[in-house]
There are 2 protein chains.
Amino acid sequence: MVSIKDIAKHAGVSISTVSYALNGSPKVTPETTSRILAIAKELNYIPNAAARQLKKQESRIIGAFLTDFTGAFYGDLLQGMKEVLNRKGYDLIVCSGLQSHRLLPERMIDGAIILDLTFSDEELLDFADRGHKLVVLDRELNHPAVNEVLLDNKAGANLAMDYLIQNGHRKLYIVTGPKDTFDSRQRMIAVRQTLDRHPEVTAVVLDGDFNKGSGEAAARVIIDAYDGPVGVFCLNDEMAIGLHNYATAQGFRIGEQISVVGFDNIDLTRYLQPQLSTIHYSKHRWGAMASEQLLRLINGESVEHERIYVSLVEGESVSNIIE
Amino acid sequence: MVSIKDIAKHAGVSISTVSYALNGSPKVTPETTSRILAIAKELNYIPNAAARQLKKQESRIIGAFLTDFTGAFYGDLLQGMKEVLNRKGYDLIVCSGLQSHRLLPERMIDGAIILDLTFSDEELLDFADRGHKLVVLDRELNHPAVNEVLLDNKAGANLAMDYLIQNGHRKLYIVTGPKDTFDSRQRMIAVRQTLDRHPEVTAVVLDGDFNKGSGEAAARVIIDAYDGPVGVFCLNDEMAIGLHNYATAQGFRIGEQISVVGFDNIDLTRYLQPQLSTIHYSKHRWGAMASEQLLRLINGESVEHERIYVSLVEGESVSNIIE
DNA sequence: TTGTACGCGTTATCAA
DNA sequence: TTGATAACGCGTACAA
C-alpha cells in the first residue's frame, strides 16, 4: 500500500510537507504542492481512513440504524438523510442488527440516527453519556446529546378518527400496532382522546402488529360481526392493505360496507382500488430533518426537538354514510 | 475517552499486559487478567476501532453497495448477506451514492458486494488491482479478486417465453429493461434465442426501464393494437404490475385477453389479482451466497463464479389459448 | 520546510 | 514464566 511516506521519498521532501500539500495548506509553495500532487496521483495514492480517523477523532460517517432491511418504507427516508449528509461532506451508512451497535461506541461513526427497536433506551442513554450524538425517530429520549425528530402521530390519528366520524361513522374498529412501538402507542393515545370526545361513537380495538397478516385477521373479525356499515382505522397502511385484500376477496366492498383509513401513505397503496384514505407525511423530509439535526448536534449548535407534520389524504376507501 | 492506558494505570501494569489480558492471551495470569477485565468494565472501556484497524489492517466490516435505497426488492437480499456475515464475525453496512465509493479504497471496509450501476467496470477493476475483494451481482467482471454471483437470467427468460408459447401464444410483446443493465441484456439474449427457435411466433419489443410507468406505457401500446389474445413478457415484475393495473383499469382482462409473465417474484405481486406468473429466485440465498463468496476471497480460498437458479411460478395471469 | 509527538491498540523482543 | 519496552500502522499539526 502506498502511503505518504512513499510520496515523500519520491518527491524528496518530508512526510509533513506531503501532508500539507495534499491538504492544500499555504505552508507549501504552489510549485512543490503541484509536484507532490502529481506524484501522489502517479503512485495511485489513497489516504488511509483509519489513520486519518485516529488522528482527527472523526470519520465523517453517519450511521442510520434500522430494525430491519425490509419495508419499501425506508427508501425515501434514507434518501432524505443521504442528500443532506452528502452536501455537508458526510457519508451515510445503513446498519441493522445487534452486532452493528458497536459501530457507535467504537467511534467508527460520528453520530447515529435511530429507527431501531433493537436499541434499548438505556443503551442509547449510555452512548449519549459517552458523548456520542444521536437523533431518535422512534422514541422520546431526553438527553443533551440526543435530539428527537418524531412524527406528529397524535395529530395524524386525530385526523383519521375525525374523518371517519365526520363521515357519519358511529361504529368503529381500531387495528393497533405492536405495543412496544412509540408510533402505535402515540396513535392510540390520540384515538382514545377522540373517542372520549365522542361518546356517541362505539369502538372495538383489535390487536395488530403493523403487518399485513393482522389486517387480514382484523378483517375476519369485522366480517363475522358485520351488520351494517363500519369504519376502520388501521394504525398503519400495511394492515389496511391486508384488511382491504381479505375483505375484497370475501365479496365485501371497501368504501361502501367497510370504510378504511390507514397511516403512512406508503407507495404500495397506489396499487389499491379503491384508493386508500390515509395519513401522509414526507418521509424524505423526515430523513433530511434528522440529518440536519444530527449535524447541528455534532457541530455543537443548539437544537430543539422537531415534529414532522402530517396530513389527511382522502381516498374512496371511506364513504359518507350520512343521509 | 478511556483507553488501555487508563486501564494500565489503574491496574498498575503496562499497556501491553492490558492488551494481552483483553485479548485473552495466555501470557497473562488468570488472576491478573480477571482483575484487568474488571477494571476495564468499571471504567466503561471500549476499544477504538480506528486504532485496531490501523494495526490489524482490517475492519471486519463489509459494504453492500446499492444503486439506490428504494425498492422493496432489497430486504431479503440484505438479510441474507447479513446473516452469513454476522455468523462469521463481520458486520454489514449498506451504502449508496458516488461519495460512498471511497469507503473501499480508503480501507474502511474489508470487501464489497456490488449491485450498483454507479460503479463503472474500470473503477471496480482498479479497486481489484489494488487488492480489494469484490463480489459483483450486476455484471460480469473477470479478475482474480472479483467473484460473480449472478442470476441465471437466461434460464429465467427461457422459462417465461416457453411458458407463453406452450400455452398457445403466438403473438407476443416483450417489455425490456434499461439497456445498460446486465439483467436486462441477458434476459433479452435468451428472449431472442427462444424466438429464433420459434419462427411461428411473432414478437414486438417495447422499450421499458424496469419502472411501473413503462409497464403502463406498454399497456397503452398493446391495447391500441389489440385484436385478440396476446402474451406479454415483462422483464421485471414492476413493469408487469404497471401493465396489469393500466390494462385492468381500461377494462381489459389480464389472464384472458392479455397474458402476462414477469420476472423477480417481488412481494408486491401478492397484491395482484389475478396472481402474476413470474420467475422466482431466492433473494435471501442470493445475498447469503454473495457473502460466502466474499469471505472466501478475503480468506484467500479458491472461488468459482456462482449462478443463482430460477424457477417459474405459475399464476392465473397466463391463460391457455389452445382449444 | 522539516522533525517529531501524537492518536490507540497490537505484537515482537527482551529482561526479570 | 510473567510482564515491560518499544516499534508499528498512517496521517496530522505543532514547534523549530
# chains A, B, ... in the order shown; residues from 1 in each chain; ligands from 1
>>> interface_residues(of="chain B", to="chain D", cutoff="8 Å", atoms="only C-alpha atoms (C1' of nucleotides)", output="ChimeraX atom specification")
/B:14,16-17,27-29,54-55,57
>>> residues_around(residues="region 170-174 of chain B", least_positions_apart="3", cutoff="6 Å", atoms="only C-alpha atoms (C1' of nucleotides)", output="VMD selection string")
chain B and resid 201 to 206 230 to 234
>>> write_last_selection(atoms="all heavy atoms", output="mmCIF file, in the first residue's frame")
data_model
loop_
_atom_site.group_PDB
_atom_site.id
_atom_site.type_symbol
_atom_site.label_atom_id
_atom_site.label_comp_id
_atom_site.auth_asym_id
_atom_site.auth_seq_id
_atom_site.Cartn_x
_atom_site.Cartn_y
_atom_site.Cartn_z
ATOM 1 N N VAL B 201 -43.758 -17.772 -34.038
ATOM 2 C CA VAL B 201 -44.169 -16.742 -33.097
ATOM 3 C C VAL B 201 -43.751 -15.364 -33.596
ATOM 4 O O VAL B 201 -42.633 -15.176 -34.064
ATOM 5 C CB VAL B 201 -43.519 -16.991 -31.710
ATOM 6 C CG1 VAL B 201 -43.784 -15.828 -30.773
ATOM 7 C CG2 VAL B 201 -44.031 -18.301 -31.124
ATOM 8 N N THR B 202 -44.661 -14.404 -33.512
ATOM 9 C CA THR B 202 -44.284 -13.029 -33.829
ATOM 10 C C THR B 202 -44.168 -12.259 -32.512
ATOM 11 O O THR B 202 -44.961 -12.467 -31.599
ATOM 12 C CB THR B 202 -45.328 -12.326 -34.712
ATOM 13 O OG1 THR B 202 -46.561 -12.248 -33.994
ATOM 14 C CG2 THR B 202 -45.547 -13.084 -36.004
ATOM 15 N N ALA B 203 -43.169 -11.402 -32.464
ATOM 16 C CA ALA B 203 -42.954 -10.668 -31.214
ATOM 17 C C ALA B 203 -42.645 -9.205 -31.489
ATOM 18 O O ALA B 203 -41.952 -8.870 -32.454
ATOM 19 C CB ALA B 203 -41.806 -11.293 -30.433
ATOM 20 N N VAL B 204 -43.175 -8.359 -30.652
ATOM 21 C CA VAL B 204 -42.894 -6.925 -30.725
ATOM 22 C C VAL B 204 -42.147 -6.546 -29.454
ATOM 23 O O VAL B 204 -42.567 -6.905 -28.354
ATOM 24 C CB VAL B 204 -44.200 -6.110 -30.813
ATOM 25 C CG1 VAL B 204 -43.902 -4.619 -30.780
ATOM 26 C CG2 VAL B 204 -44.981 -6.501 -32.043
ATOM 27 N N VAL B 205 -41.023 -5.867 -29.625
ATOM 28 C CA VAL B 205 -40.226 -5.456 -28.458
ATOM 29 C C VAL B 205 -40.565 -4.008 -28.106
ATOM 30 O O VAL B 205 -40.503 -3.126 -28.946
ATOM 31 C CB VAL B 205 -38.723 -5.588 -28.748
ATOM 32 C CG1 VAL B 205 -37.913 -5.013 -27.601
ATOM 33 C CG2 VAL B 205 -38.365 -7.053 -28.984
ATOM 34 N N LEU B 206 -40.947 -3.786 -26.861
ATOM 35 C CA LEU B 206 -41.252 -2.435 -26.380
ATOM 36 C C LEU B 206 -40.191 -2.047 -25.351
ATOM 37 O O LEU B 206 -39.889 -2.822 -24.434
ATOM 38 C CB LEU B 206 -42.629 -2.415 -25.712
ATOM 39 C CG LEU B 206 -43.806 -2.872 -26.579
ATOM 40 C CD1 LEU B 206 -45.098 -2.898 -25.761
ATOM 41 C CD2 LEU B 206 -43.960 -1.938 -27.782
ATOM 42 N N VAL B 230 -53.099 -11.837 -26.554
ATOM 43 C CA VAL B 230 -51.655 -11.684 -26.707
ATOM 44 C C VAL B 230 -50.963 -12.111 -25.421
ATOM 45 O O VAL B 230 -51.571 -12.136 -24.345
ATOM 46 C CB VAL B 230 -51.250 -10.222 -26.999
ATOM 47 C CG1 VAL B 230 -51.806 -9.772 -28.338
ATOM 48 C CG2 VAL B 230 -51.720 -9.300 -25.883
ATOM 49 N N GLY B 231 -49.692 -12.460 -25.573
ATOM 50 C CA GLY B 231 -48.877 -12.769 -24.415
ATOM 51 C C GLY B 231 -47.833 -11.676 -24.242
ATOM 52 O O GLY B 231 -47.319 -11.146 -25.221
ATOM 53 N N VAL B 232 -47.542 -11.332 -22.986
ATOM 54 C CA VAL B 232 -46.551 -10.284 -22.724
ATOM 55 C C VAL B 232 -45.542 -10.796 -21.705
ATOM 56 O O VAL B 232 -45.922 -11.312 -20.653
ATOM 57 C CB VAL B 232 -47.217 -9.007 -22.165
ATOM 58 C CG1 VAL B 232 -46.176 -7.902 -22.018
ATOM 59 C CG2 VAL B 232 -48.369 -8.563 -23.029
ATOM 60 N N PHE B 233 -44.273 -10.651 -22.055
ATOM 61 C CA PHE B 233 -43.224 -10.957 -21.088
ATOM 62 C C PHE B 233 -42.603 -9.633 -20.667
ATOM 63 O O PHE B 233 -41.923 -8.978 -21.455
ATOM 64 C CB PHE B 233 -42.178 -11.881 -21.719
ATOM 65 C CG PHE B 233 -40.984 -12.162 -20.825
ATOM 66 C CD1 PHE B 233 -41.087 -12.155 -19.438
ATOM 67 C CD2 PHE B 233 -39.748 -12.471 -21.388
ATOM 68 C CE1 PHE B 233 -39.993 -12.424 -18.628
ATOM 69 C CE2 PHE B 233 -38.639 -12.747 -20.579
ATOM 70 C CZ PHE B 233 -38.769 -12.716 -19.193
ATOM 71 N N CYS B 234 -42.876 -9.245 -19.421
ATOM 72 C CA CYS B 234 -42.247 -8.041 -18.881
ATOM 73 C C CYS B 234 -40.959 -8.490 -18.197
ATOM 74 O O CYS B 234 -40.989 -9.403 -17.359
ATOM 75 C CB CYS B 234 -43.156 -7.368 -17.861
ATOM 76 S SG CYS B 234 -44.616 -6.619 -18.590
#
>>> select_by_dssp(residues="region 17-147 of chain A", states="strand (DSSP E)", output="PyMOL selection string")
chain A and resi 61-66+91-96+111-115+133-136+146-147
>>> write_last_selection(atoms="N, CA and C atoms", output="mmCIF file, in the first residue's frame")
data_model
loop_
_atom_site.group_PDB
_atom_site.id
_atom_site.type_symbol
_atom_site.label_atom_id
_atom_site.label_comp_id
_atom_site.auth_asym_id
_atom_site.auth_seq_id
_atom_site.Cartn_x
_atom_site.Cartn_y
_atom_site.Cartn_z
ATOM 1 N N ILE A 61 -18.592 9.925 8.923
ATOM 2 C CA ILE A 61 -19.580 8.938 8.511
ATOM 3 C C ILE A 61 -20.688 8.927 9.557
ATOM 4 N N ILE A 62 -21.923 8.900 9.058
ATOM 5 C CA ILE A 62 -23.085 8.849 9.947
ATOM 6 C C ILE A 62 -23.784 7.514 9.720
ATOM 7 N N GLY A 63 -24.232 6.902 10.798
ATOM 8 C CA GLY A 63 -24.934 5.628 10.676
ATOM 9 C C GLY A 63 -26.426 5.788 10.867
ATOM 10 N N ALA A 64 -27.190 5.170 9.986
ATOM 11 C CA ALA A 64 -28.640 5.089 10.182
ATOM 12 C C ALA A 64 -28.941 3.661 10.609
ATOM 13 N N PHE A 65 -29.575 3.506 11.732
ATOM 14 C CA PHE A 65 -29.860 2.162 12.250
ATOM 15 C C PHE A 65 -31.335 1.846 12.097
ATOM 16 N N LEU A 66 -31.606 0.744 11.426
ATOM 17 C CA LEU A 66 -32.983 0.314 11.185
ATOM 18 C C LEU A 66 -33.230 -1.041 11.836
ATOM 19 N N ASP A 91 -20.772 10.927 4.884
ATOM 20 C CA ASP A 91 -21.321 9.760 4.217
ATOM 21 C C ASP A 91 -22.333 9.083 5.123
ATOM 22 N N LEU A 92 -23.277 8.411 4.484
ATOM 23 C CA LEU A 92 -24.283 7.678 5.248
ATOM 24 C C LEU A 92 -24.069 6.182 5.071
ATOM 25 N N ILE A 93 -24.086 5.466 6.172
ATOM 26 C CA ILE A 93 -24.126 4.007 6.058
ATOM 27 C C ILE A 93 -25.361 3.523 6.802
ATOM 28 N N VAL A 94 -25.945 2.438 6.301
ATOM 29 C CA VAL A 94 -27.161 1.913 6.898
ATOM 30 C C VAL A 94 -26.830 0.600 7.592
ATOM 31 N N CYS A 95 -27.276 0.468 8.822
ATOM 32 C CA CYS A 95 -26.922 -0.690 9.622
ATOM 33 C C CYS A 95 -28.164 -1.305 10.246
ATOM 34 N N SER A 96 -28.084 -2.571 10.536
ATOM 35 C CA SER A 96 -29.184 -3.250 11.197
ATOM 36 C C SER A 96 -28.647 -4.425 11.989
ATOM 37 N N GLY A 111 -21.918 9.798 14.453
ATOM 38 C CA GLY A 111 -23.231 10.018 15.023
ATOM 39 C C GLY A 111 -24.191 9.011 14.444
ATOM 40 N N ALA A 112 -25.371 8.915 15.043
ATOM 41 C CA ALA A 112 -26.314 7.903 14.572
ATOM 42 C C ALA A 112 -27.740 8.424 14.559
ATOM 43 N N ILE A 113 -28.484 7.918 13.589
ATOM 44 C CA ILE A 113 -29.921 8.182 13.520
ATOM 45 C C ILE A 113 -30.617 6.855 13.798
ATOM 46 N N ILE A 114 -31.461 6.858 14.806
ATOM 47 C CA ILE A 114 -32.021 5.602 15.307
ATOM 48 C C ILE A 114 -33.498 5.449 14.958
ATOM 49 N N LEU A 115 -33.792 4.366 14.242
ATOM 50 C CA LEU A 115 -35.189 3.973 13.995
ATOM 51 C C LEU A 115 -35.158 2.464 14.147
ATOM 52 N N LYS A 133 -23.372 11.521 19.573
ATOM 53 C CA LYS A 133 -24.540 12.312 19.193
ATOM 54 C C LYS A 133 -25.579 11.417 18.512
ATOM 55 N N LEU A 134 -26.805 11.603 18.916
ATOM 56 C CA LEU A 134 -27.886 10.750 18.407
ATOM 57 C C LEU A 134 -29.103 11.554 18.002
ATOM 58 N N VAL A 135 -29.772 11.068 16.975
ATOM 59 C CA VAL A 135 -31.114 11.555 16.666
ATOM 60 C C VAL A 135 -32.031 10.339 16.693
ATOM 61 N N VAL A 136 -33.096 10.428 17.453
ATOM 62 C CA VAL A 136 -34.023 9.304 17.550
ATOM 63 C C VAL A 136 -35.320 9.622 16.803
ATOM 64 N N VAL A 146 -28.954 14.035 22.631
ATOM 65 C CA VAL A 146 -29.950 13.329 21.820
ATOM 66 C C VAL A 146 -31.016 14.303 21.340
ATOM 67 N N ASN A 147 -31.331 14.213 20.064
ATOM 68 C CA ASN A 147 -32.404 15.039 19.524
ATOM 69 C C ASN A 147 -33.511 14.138 18.990
#
>>> closest_atom_pairs(of="chain C", to="chain B", cutoff="12 Å", atoms="only C-alpha atoms (C1' of nucleotides)", output="CSV")
residue,atom,partner,partner_atom,distance
C:DG7,C1',B:Ala51,CA,8.0
C:DC8,C1',B:Ala51,CA,4.9
C:DG9,C1',B:Arg52,CA,5.3
C:DT10,C1',B:Lys55,CA,6.4
C:DT11,C1',B:Ser16,CA,8.6
C:DA12,C1',B:Ser16,CA,11.5
>>> select_by_dssp(residues="region 3-225 of chain A", states="alpha helix (DSSP H)", output="compact mmCIF listing (two decimals) with C-alpha atoms, in the first residue's frame")
# COMPACT_ATOMS: atom_id res chain seq x y z
CA ILE A 4 2.56 9.50 2.26
CA LYS A 5 5.93 8.09 3.19
CA ASP A 6 6.36 6.76 -0.35
CA ILE A 7 5.30 10.06 -1.82
CA ALA A 8 7.78 11.88 0.39
CA LYS A 9 10.54 9.60 -0.77
CA HIS A 10 9.71 10.09 -4.45
CA ALA A 11 9.40 13.84 -4.07
CA ILE A 15 6.12 13.47 5.03
CA SER A 16 4.80 16.60 6.70
CA THR A 17 5.32 18.58 3.53
CA VAL A 18 3.40 15.90 1.68
CA SER A 19 0.57 16.05 4.17
CA TYR A 20 0.38 19.82 3.95
CA ALA A 21 0.46 19.71 0.18
CA LEU A 22 -2.29 17.10 -0.02
CA PRO A 30 2.39 26.09 -5.14
CA GLU A 31 5.18 24.52 -7.18
CA THR A 32 6.02 21.94 -4.55
CA THR A 33 2.34 21.29 -3.97
CA SER A 34 1.59 20.59 -7.60
CA ARG A 35 4.68 18.42 -7.90
CA ILE A 36 3.60 16.39 -4.87
CA LEU A 37 0.04 16.10 -6.14
CA ALA A 38 1.34 14.80 -9.44
CA ILE A 39 3.45 12.18 -7.72
CA ALA A 40 0.54 11.18 -5.47
CA LYS A 41 -1.65 10.68 -8.49
CA GLU A 42 1.02 8.76 -10.31
CA ALA A 49 -9.28 6.23 6.62
CA ALA A 50 -8.21 4.57 9.86
CA ALA A 51 -5.08 6.68 10.20
CA ARG A 52 -6.89 9.93 9.48
CA GLN A 53 -9.67 8.96 11.81
CA LEU A 54 -7.29 8.05 14.61
CA LYS A 55 -5.70 11.45 14.48
CA LYS A 56 -8.70 13.62 13.76
CA TYR A 74 -37.34 3.27 4.06
CA GLY A 75 -36.29 4.33 0.59
CA ASP A 76 -37.33 7.97 0.72
CA LEU A 77 -36.35 8.33 4.34
CA LEU A 78 -32.78 7.21 3.68
CA GLN A 79 -32.58 9.27 0.52
CA GLY A 80 -33.54 12.35 2.52
CA MET A 81 -30.85 11.62 5.06
CA LYS A 82 -28.20 10.98 2.48
CA GLU A 83 -28.76 14.12 0.45
CA VAL A 84 -28.29 16.38 3.43
CA LEU A 85 -25.26 14.49 4.73
CA ASN A 86 -23.51 14.31 1.37
CA ARG A 87 -23.98 18.01 0.86
CA ASP A 121 -33.37 3.42 25.92
CA GLU A 122 -30.67 2.58 28.45
CA GLU A 123 -28.22 1.64 25.75
CA LEU A 124 -28.83 4.89 23.88
CA LEU A 125 -28.52 6.96 27.04
CA ASP A 126 -25.26 5.19 27.78
CA PHE A 127 -23.96 6.14 24.33
CA ALA A 128 -25.15 9.69 24.84
CA ASP A 129 -23.37 9.83 28.19
CA ASN A 153 -48.64 10.72 15.45
CA LYS A 154 -51.33 12.20 17.62
CA ALA A 155 -52.38 14.76 15.06
CA GLY A 156 -52.47 12.05 12.42
CA ALA A 157 -54.59 9.71 14.49
CA ASN A 158 -56.91 12.59 15.28
CA LEU A 159 -57.29 13.43 11.61
CA ALA A 160 -58.08 9.83 10.78
CA MET A 161 -60.62 9.41 13.54
CA ASP A 162 -62.34 12.74 12.91
CA TYR A 163 -62.55 11.94 9.23
CA LEU A 164 -64.43 8.71 9.92
CA ILE A 165 -66.70 10.37 12.44
CA GLN A 166 -67.43 13.34 10.21
CA PHE A 182 -43.73 4.54 20.06
CA ASP A 183 -45.80 5.23 16.97
CA SER A 184 -48.52 2.78 17.91
CA ARG A 185 -48.71 3.98 21.49
CA GLN A 186 -48.95 7.62 20.48
CA ARG A 187 -51.58 6.94 17.86
CA MET A 188 -53.64 5.01 20.39
CA ILE A 189 -53.48 7.83 22.92
CA ALA A 190 -54.97 10.17 20.35
CA VAL A 191 -57.56 7.57 19.37
CA ARG A 192 -58.75 7.30 22.95
CA GLN A 193 -58.87 11.05 23.31
CA THR A 194 -61.02 11.34 20.23
CA LEU A 195 -63.30 8.60 21.48
CA ASP A 196 -63.65 10.39 24.80
CA ARG A 197 -64.83 13.47 22.95
CA LYS A 212 -50.42 -7.43 6.57
CA GLY A 213 -51.45 -10.59 8.38
CA SER A 214 -53.00 -8.79 11.29
CA GLY A 215 -55.02 -6.68 8.88
CA GLU A 216 -56.41 -9.87 7.43
CA ALA A 217 -57.16 -11.19 10.90
CA ALA A 218 -58.98 -7.97 11.70
CA ALA A 219 -60.98 -8.31 8.51
CA ARG A 220 -62.15 -11.75 9.62
CA VAL A 221 -63.39 -10.41 12.94
CA ILE A 222 -65.12 -7.46 11.30
CA ILE A 223 -66.80 -9.61 8.68
CA ASP A 224 -68.02 -12.12 11.24
>>> closest_residue(among="A:Thr248, A:Asn142, A:Asn167, A:Ser25", to="chain B", atoms="only C-alpha atoms")
A:Thr248
>>> atom_distance(atom1="CA of Arg307 (chain A)", atom2="CA of Phe69 (chain A)")
24.5 Å
>>> closest_residue(among="B:Ala288, B:Leu272, B:Leu243, B:Val313", to="chain A", atoms="only C-alpha atoms")
B:Leu272
>>> closest_residue(among="A:Leu117, A:Leu98, A:Ile308, A:Ile279", to="chain B", atoms="only C-alpha atoms")
A:Leu98
>>> residues_around(residues="Thr269 (chain B)", least_positions_apart="4", cutoff="8 Å", atoms="only C-alpha atoms (C1' of nucleotides)", output="list in words")
Asp237, Ile241, Asn265, Gln275 and Leu276 of chain B
>>> write_last_selection(atoms="all heavy atoms", output="short mmCIF file (atom, residue, chain, number, x, y, z; two decimals), in the first residue's frame")
data_model
loop_
_atom_site.label_atom_id
_atom_site.label_comp_id
_atom_site.auth_asym_id
_atom_site.auth_seq_id
_atom_site.Cartn_x
_atom_site.Cartn_y
_atom_site.Cartn_z
N ASP B 237 -41.04 -7.58 -12.65
CA ASP B 237 -42.39 -7.57 -12.10
C ASP B 237 -42.99 -6.18 -12.01
O ASP B 237 -44.19 -6.00 -12.18
CB ASP B 237 -42.39 -8.19 -10.69
CG ASP B 237 -42.32 -9.70 -10.72
OD1 ASP B 237 -42.39 -10.27 -11.83
OD2 ASP B 237 -42.19 -10.31 -9.65
N ILE B 241 -46.65 -5.13 -13.15
CA ILE B 241 -47.69 -4.56 -12.30
C ILE B 241 -48.27 -3.31 -12.96
O ILE B 241 -49.49 -3.11 -12.99
CB ILE B 241 -47.12 -4.22 -10.90
CG1 ILE B 241 -46.81 -5.52 -10.15
CG2 ILE B 241 -48.11 -3.37 -10.12
CD1 ILE B 241 -46.08 -5.31 -8.84
N ASN B 265 -40.47 -12.12 -9.01
CA ASN B 265 -41.37 -12.56 -7.94
C ASN B 265 -41.23 -11.68 -6.70
O ASN B 265 -40.98 -12.17 -5.59
CB ASN B 265 -41.11 -14.02 -7.59
CG ASN B 265 -42.25 -14.64 -6.78
OD1 ASN B 265 -43.38 -14.13 -6.82
ND2 ASN B 265 -41.98 -15.69 -6.04
N GLN B 275 -53.28 -13.58 -9.86
CA GLN B 275 -51.89 -13.78 -9.45
C GLN B 275 -50.96 -13.75 -10.68
O GLN B 275 -51.26 -14.37 -11.70
CB GLN B 275 -51.80 -15.13 -8.75
CG GLN B 275 -50.49 -15.40 -8.06
CD GLN B 275 -50.32 -14.55 -6.82
OE1 GLN B 275 -51.32 -14.24 -6.15
NE2 GLN B 275 -49.10 -14.14 -6.52
N LEU B 276 -49.86 -13.04 -10.54
CA LEU B 276 -48.92 -12.90 -11.66
C LEU B 276 -48.03 -14.13 -11.83
O LEU B 276 -47.45 -14.62 -10.87
CB LEU B 276 -48.05 -11.67 -11.41
CG LEU B 276 -47.01 -11.31 -12.48
CD1 LEU B 276 -47.68 -10.85 -13.77
CD2 LEU B 276 -46.04 -10.24 -11.97
#
>>> atom_distance(atom1="CA of Gln257 (chain B)", atom2="CA of Met239 (chain B)")
17.8 Å
